[in-house]
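Take a look at the structure set out below.
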Amino acid sequence: MVHQSGINSQDLMQRIADELADGYDEELELEIEDRHFDESNLNPIEERLARQQYFRELFRLQGELVKLQDWVQHTRQKVVIIFEGRDAAGKGGVIKRITQRLNPRVVRVAALPAPNDRERTQWYFQRYVAHLPAAGEIVLFDRSWYNRAGVERVMGFCTEDEYEEFFRSVPEFEKMLVRSGIRLIKYWFSISDDEQHLRFLSRIHDPLKQWKLSPMDLESRVRWEEYTKAKEVMLERTHIPEAPWWVVQAVDKKKARLNCIAHLLKQLPYEEVEHPTVVLPARVRNPDYFRQPVPESMIVPELY
């Protein structure tokens, strides 16, 4: 049997299984603290080698991100990174890999919900301005003011006048941000129709990820072509020298993460910041100090 996506049922089920396995691998990746992992269940050897190479490069890039963070803090830079793309394009995955080993007081994520009744009456950019960085901070926008050019346009959540006003305003808004000293970097994550279809199916079959599927996500499948047209208009009308768009080919999630992080590091002239050697002071011991026992009723049961 051939599915509507052009893939036969057996291949489709195998791809869904692979996608689920990759999702579990992602969770392991986010939790692992040492750099050793069990590869005995990976086959053939090419898969094990590819996974080793991916981890090795990811750890290297994350080490560079730590240096970038120190440089931003030391030189009091202000950095905004925008991540846009279709639903299930992998934006959240790369954001997790960027922030995984960084200081949340320096690097934070802004993922705004739908505007409430009060926010709908504000200047459109107002609620985003509140999340812009101060000196020494990096803010990653998991979707941004470009909602107006995408989901709001396709789903009819804004008027034609509001849509056109957005395109008149956004270049000037972004130029103003850049003139104020903010470094603005914009990424669009690009995936194919078939790949989005596969990722949605994997979410349906994974109880740990079903929460990621919203009615809006499902509607985006129906309106794939409308989203494509909206994206094309958006890129054409908002690709400015002060804040150009960068398109990440994201069908292969792991390669997309590495490519995006490597590219991001090249956009900023960071240097390694010298730090004084850390010396752990000796613990002061007071002969009059006695540690009080914790009542048994307060102890968490040791089930494991």
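Ordered as shown in the structure tokens, chains take letters A, B, and onward, while each chain numbers its residues from 1 and ligands are numbered from 1 in the order shown.
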- Message: Applying 10 Å and only C-alpha atoms, which residues near Ser169 of chain A remain after dropping the ones on its own chain fewer than 3 positions away? List them as a VMD selection string.
- Response: chain A and resid 124 to 125 164 to 166 172 to 174 238
Query raised in the report: Would you give me, as number ranges by chain, the residues in segment 106-297 of chain A that DSSP reads as alpha helix (DSSP H)?
Result: A: 126-129, 151-155, 160-179, 193-205, 215-222, 224-238, 253-266
Practice task
Just give me the gap between atom CA of Ala110 of chain A and atom CA of Leu198 of chain A in Å, one decimal is fine.
Solution key: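 Computing the Euclidean distance for atom CA of Ala110 of chain A and atom CA of Leu198 of chain A yields 27.2 Å.
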* To do: Using only C-alpha atoms, find the one residue out of A:Arg203, A:Lys96, A:His275, A:Lys229 that sits nearest to Arg153 of chain A.
  =>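 Residue with the minimum atom-to-atom distance to Arg153 of chain A: A:Lys229.
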If you take only C-alpha atoms and a cut-off of 8 Å, which residues of segment 98-217 of chain A touch segment 60-80 of chain A, and what are their nearest atom pairs and distances in Å to one decimal, in chain and number order, as CSV?
```
residue,atom,partner,partner_atom,distance
A:Ile98,CA,A:Gln62,CA,6.9
A:Arg101,CA,A:Gln62,CA,7.0
A:Leu102,CA,A:Val66,CA,6.2
A:Val106,CA,A:Gln73,CA,7.3
A:Val107,CA,A:Gln69,CA,7.6
A:Leu132,CA,A:Val80,CA,7.3
A:Pro133,CA,A:Lys78,CA,5.7
A:Ala134,CA,A:Lys78,CA,6.1
A:Ala135,CA,A:Arg76,CA,4.6
A:Gly136,CA,A:Arg76,CA,3.9
A:Glu137,CA,A:Lys78,CA,5.5
A:Ile138,CA,A:Val79,CA,4.7
A:Val139,CA,A:Val80,CA,5.0
A:Leu140,CA,A:Val80,CA,6.0
A:Phe141,CA,A:Val80,CA,7.4
A:Gly181,CA,A:Lys78,CA,6.8
A:Ile182,CA,A:Lys78,CA,4.9
A:Arg183,CA,A:Val79,CA,4.7
A:Leu184,CA,A:Val80,CA,4.9
A:Ile185,CA,A:Val80,CA,6.3
```
- Item | All strand (DSSP E) residues (DSSP, backbone) inside segment 60-169 of chain A, as an MDAnalysis selection string | chainID A and resid 78:85 107:110 137:142
Output all heavy atoms for every residue in that selection, as a short mmCIF file (atom, residue, chain, number, x, y, z; two decimals), in the first residue's frame.
```cif
data_model
loop_
_atom_site.label_atom_id
_atom_site.label_comp_id
_atom_site.auth_asym_id
_atom_site.auth_seq_id
_atom_site.Cartn_x
_atom_site.Cartn_y
_atom_site.Cartn_z
N LYS A 78 24.92 42.67 23.26
CA LYS A 78 23.49 42.36 23.28
C LYS A 78 23.18 41.59 22.00
O LYS A 78 23.36 42.12 20.91
CB LYS A 78 22.65 43.63 23.37
CG LYS A 78 22.83 44.40 24.68
CD LYS A 78 22.04 45.69 24.71
CE LYS A 78 22.71 46.76 23.87
NZ LYS A 78 22.04 48.09 23.99
N VAL A 79 22.71 40.34 22.17
CA VAL A 79 22.52 39.47 21.01
C VAL A 79 21.09 38.94 20.99
O VAL A 79 20.58 38.46 22.01
CB VAL A 79 23.51 38.29 21.04
CG1 VAL A 79 23.31 37.39 19.81
CG2 VAL A 79 24.96 38.78 21.12
N VAL A 80 20.46 39.03 19.82
CA VAL A 80 19.13 38.44 19.61
C VAL A 80 19.25 37.45 18.45
O VAL A 80 19.77 37.79 17.39
CB VAL A 80 18.08 39.52 19.26
CG1 VAL A 80 16.78 38.88 18.77
CG2 VAL A 80 17.80 40.39 20.48
N ILE A 81 18.76 36.24 18.68
CA ILE A 81 18.75 35.21 17.64
C ILE A 81 17.31 34.74 17.45
O ILE A 81 16.66 34.30 18.42
CB ILE A 81 19.65 34.02 18.00
CG1 ILE A 81 21.04 34.51 18.42
CG2 ILE A 81 19.76 33.06 16.81
CD1 ILE A 81 21.88 33.45 19.08
N ILE A 82 16.81 34.86 16.24
CA ILE A 82 15.43 34.49 15.93
C ILE A 82 15.42 33.14 15.22
O ILE A 82 16.19 32.91 14.29
CB ILE A 82 14.78 35.58 15.04
CG1 ILE A 82 14.48 36.82 15.88
CG2 ILE A 82 13.51 35.07 14.36
CD1 ILE A 82 13.96 37.99 15.07
N PHE A 83 14.52 32.27 15.67
CA PHE A 83 14.35 30.96 15.05
C PHE A 83 12.92 30.85 14.54
O PHE A 83 11.97 30.87 15.32
CB PHE A 83 14.62 29.84 16.06
CG PHE A 83 16.04 29.80 16.55
CD1 PHE A 83 16.43 30.57 17.64
CD2 PHE A 83 17.00 29.02 15.92
CE1 PHE A 83 17.74 30.56 18.09
CE2 PHE A 83 18.31 29.01 16.36
CZ PHE A 83 18.68 29.77 17.46
N GLU A 84 12.79 30.75 13.23
CA GLU A 84 11.49 30.61 12.60
C GLU A 84 11.50 29.37 11.70
O GLU A 84 12.56 28.83 11.36
CB GLU A 84 11.15 31.85 11.77
CG GLU A 84 10.94 33.12 12.57
CD GLU A 84 9.61 33.14 13.32
OE1 GLU A 84 8.77 32.27 13.06
OE2 GLU A 84 9.43 34.05 14.15
N GLY A 85 10.33 28.93 11.32
CA GLY A 85 10.21 27.77 10.45
C GLY A 85 8.85 27.12 10.64
O GLY A 85 8.08 27.51 11.52
N VAL A 107 22.00 33.49 28.91
CA VAL A 107 21.35 33.06 27.68
C VAL A 107 19.94 32.56 28.03
O VAL A 107 19.79 31.59 28.76
CB VAL A 107 22.15 31.93 27.01
CG1 VAL A 107 21.49 31.52 25.70
CG2 VAL A 107 23.59 32.36 26.77
N ARG A 108 18.93 33.24 27.52
CA ARG A 108 17.56 32.84 27.84
C ARG A 108 16.73 32.71 26.57
O ARG A 108 17.07 33.28 25.53
CB ARG A 108 16.90 33.79 28.83
CG ARG A 108 16.92 35.24 28.42
CD ARG A 108 16.46 36.16 29.55
NE ARG A 108 16.69 37.55 29.26
CZ ARG A 108 15.91 38.32 28.55
NH1 ARG A 108 14.78 37.84 28.05
NH2 ARG A 108 16.20 39.60 28.34
N VAL A 109 15.64 31.97 26.70
CA VAL A 109 14.75 31.71 25.58
C VAL A 109 13.45 32.48 25.77
O VAL A 109 12.87 32.45 26.87
CB VAL A 109 14.46 30.20 25.44
CG1 VAL A 109 13.50 29.94 24.28
CG2 VAL A 109 15.76 29.42 25.25
N ALA A 110 12.99 33.15 24.73
CA ALA A 110 11.70 33.82 24.74
C ALA A 110 10.77 33.06 23.80
O ALA A 110 10.98 33.06 22.59
CB ALA A 110 11.83 35.27 24.30
N GLU A 137 23.86 39.91 27.55
CA GLU A 137 22.82 38.88 27.46
C GLU A 137 22.60 38.43 26.01
O GLU A 137 22.79 39.20 25.07
CB GLU A 137 21.49 39.40 28.02
CG GLU A 137 21.51 39.67 29.50
CD GLU A 137 20.17 40.18 30.01
OE1 GLU A 137 19.29 40.52 29.19
OE2 GLU A 137 20.01 40.27 31.25
N ILE A 138 22.16 37.18 25.88
CA ILE A 138 21.73 36.62 24.60
C ILE A 138 20.29 36.15 24.77
O ILE A 138 19.98 35.45 25.74
CB ILE A 138 22.60 35.42 24.18
CG1 ILE A 138 24.07 35.81 24.07
CG2 ILE A 138 22.10 34.82 22.87
CD1 ILE A 138 25.01 34.64 23.81
N VAL A 139 19.41 36.54 23.84
CA VAL A 139 18.02 36.09 23.88
C VAL A 139 17.74 35.31 22.59
O VAL A 139 18.00 35.81 21.49
CB VAL A 139 17.03 37.25 24.03
CG1 VAL A 139 15.59 36.74 23.96
CG2 VAL A 139 17.27 37.98 25.34
N LEU A 140 17.22 34.10 22.75
CA LEU A 140 16.83 33.27 21.62
C LEU A 140 15.31 33.29 21.52
O LEU A 140 14.62 32.86 22.45
CB LEU A 140 17.32 31.83 21.81
CG LEU A 140 18.80 31.54 21.62
CD1 LEU A 140 19.65 32.20 22.71
CD2 LEU A 140 19.07 30.04 21.65
N PHE A 141 14.79 33.81 20.42
CA PHE A 141 13.33 33.85 20.21
C PHE A 141 12.89 32.58 19.49
O PHE A 141 13.24 32.36 18.33
CB PHE A 141 12.93 35.08 19.40
CG PHE A 141 12.82 36.34 20.20
CD1 PHE A 141 13.91 37.18 20.37
CD2 PHE A 141 11.61 36.69 20.79
CE1 PHE A 141 13.81 38.35 21.11
CE2 PHE A 141 11.50 37.85 21.54
CZ PHE A 141 12.60 38.68 21.70
N ASP A 142 12.13 31.74 20.20
CA ASP A 142 11.51 30.56 19.60
C ASP A 142 10.19 31.03 19.00
O ASP A 142 9.16 31.00 19.65
CB ASP A 142 11.29 29.49 20.66
CG ASP A 142 10.79 28.18 20.08
OD1 ASP A 142 10.49 28.15 18.87
OD2 ASP A 142 10.68 27.20 20.83
#
```
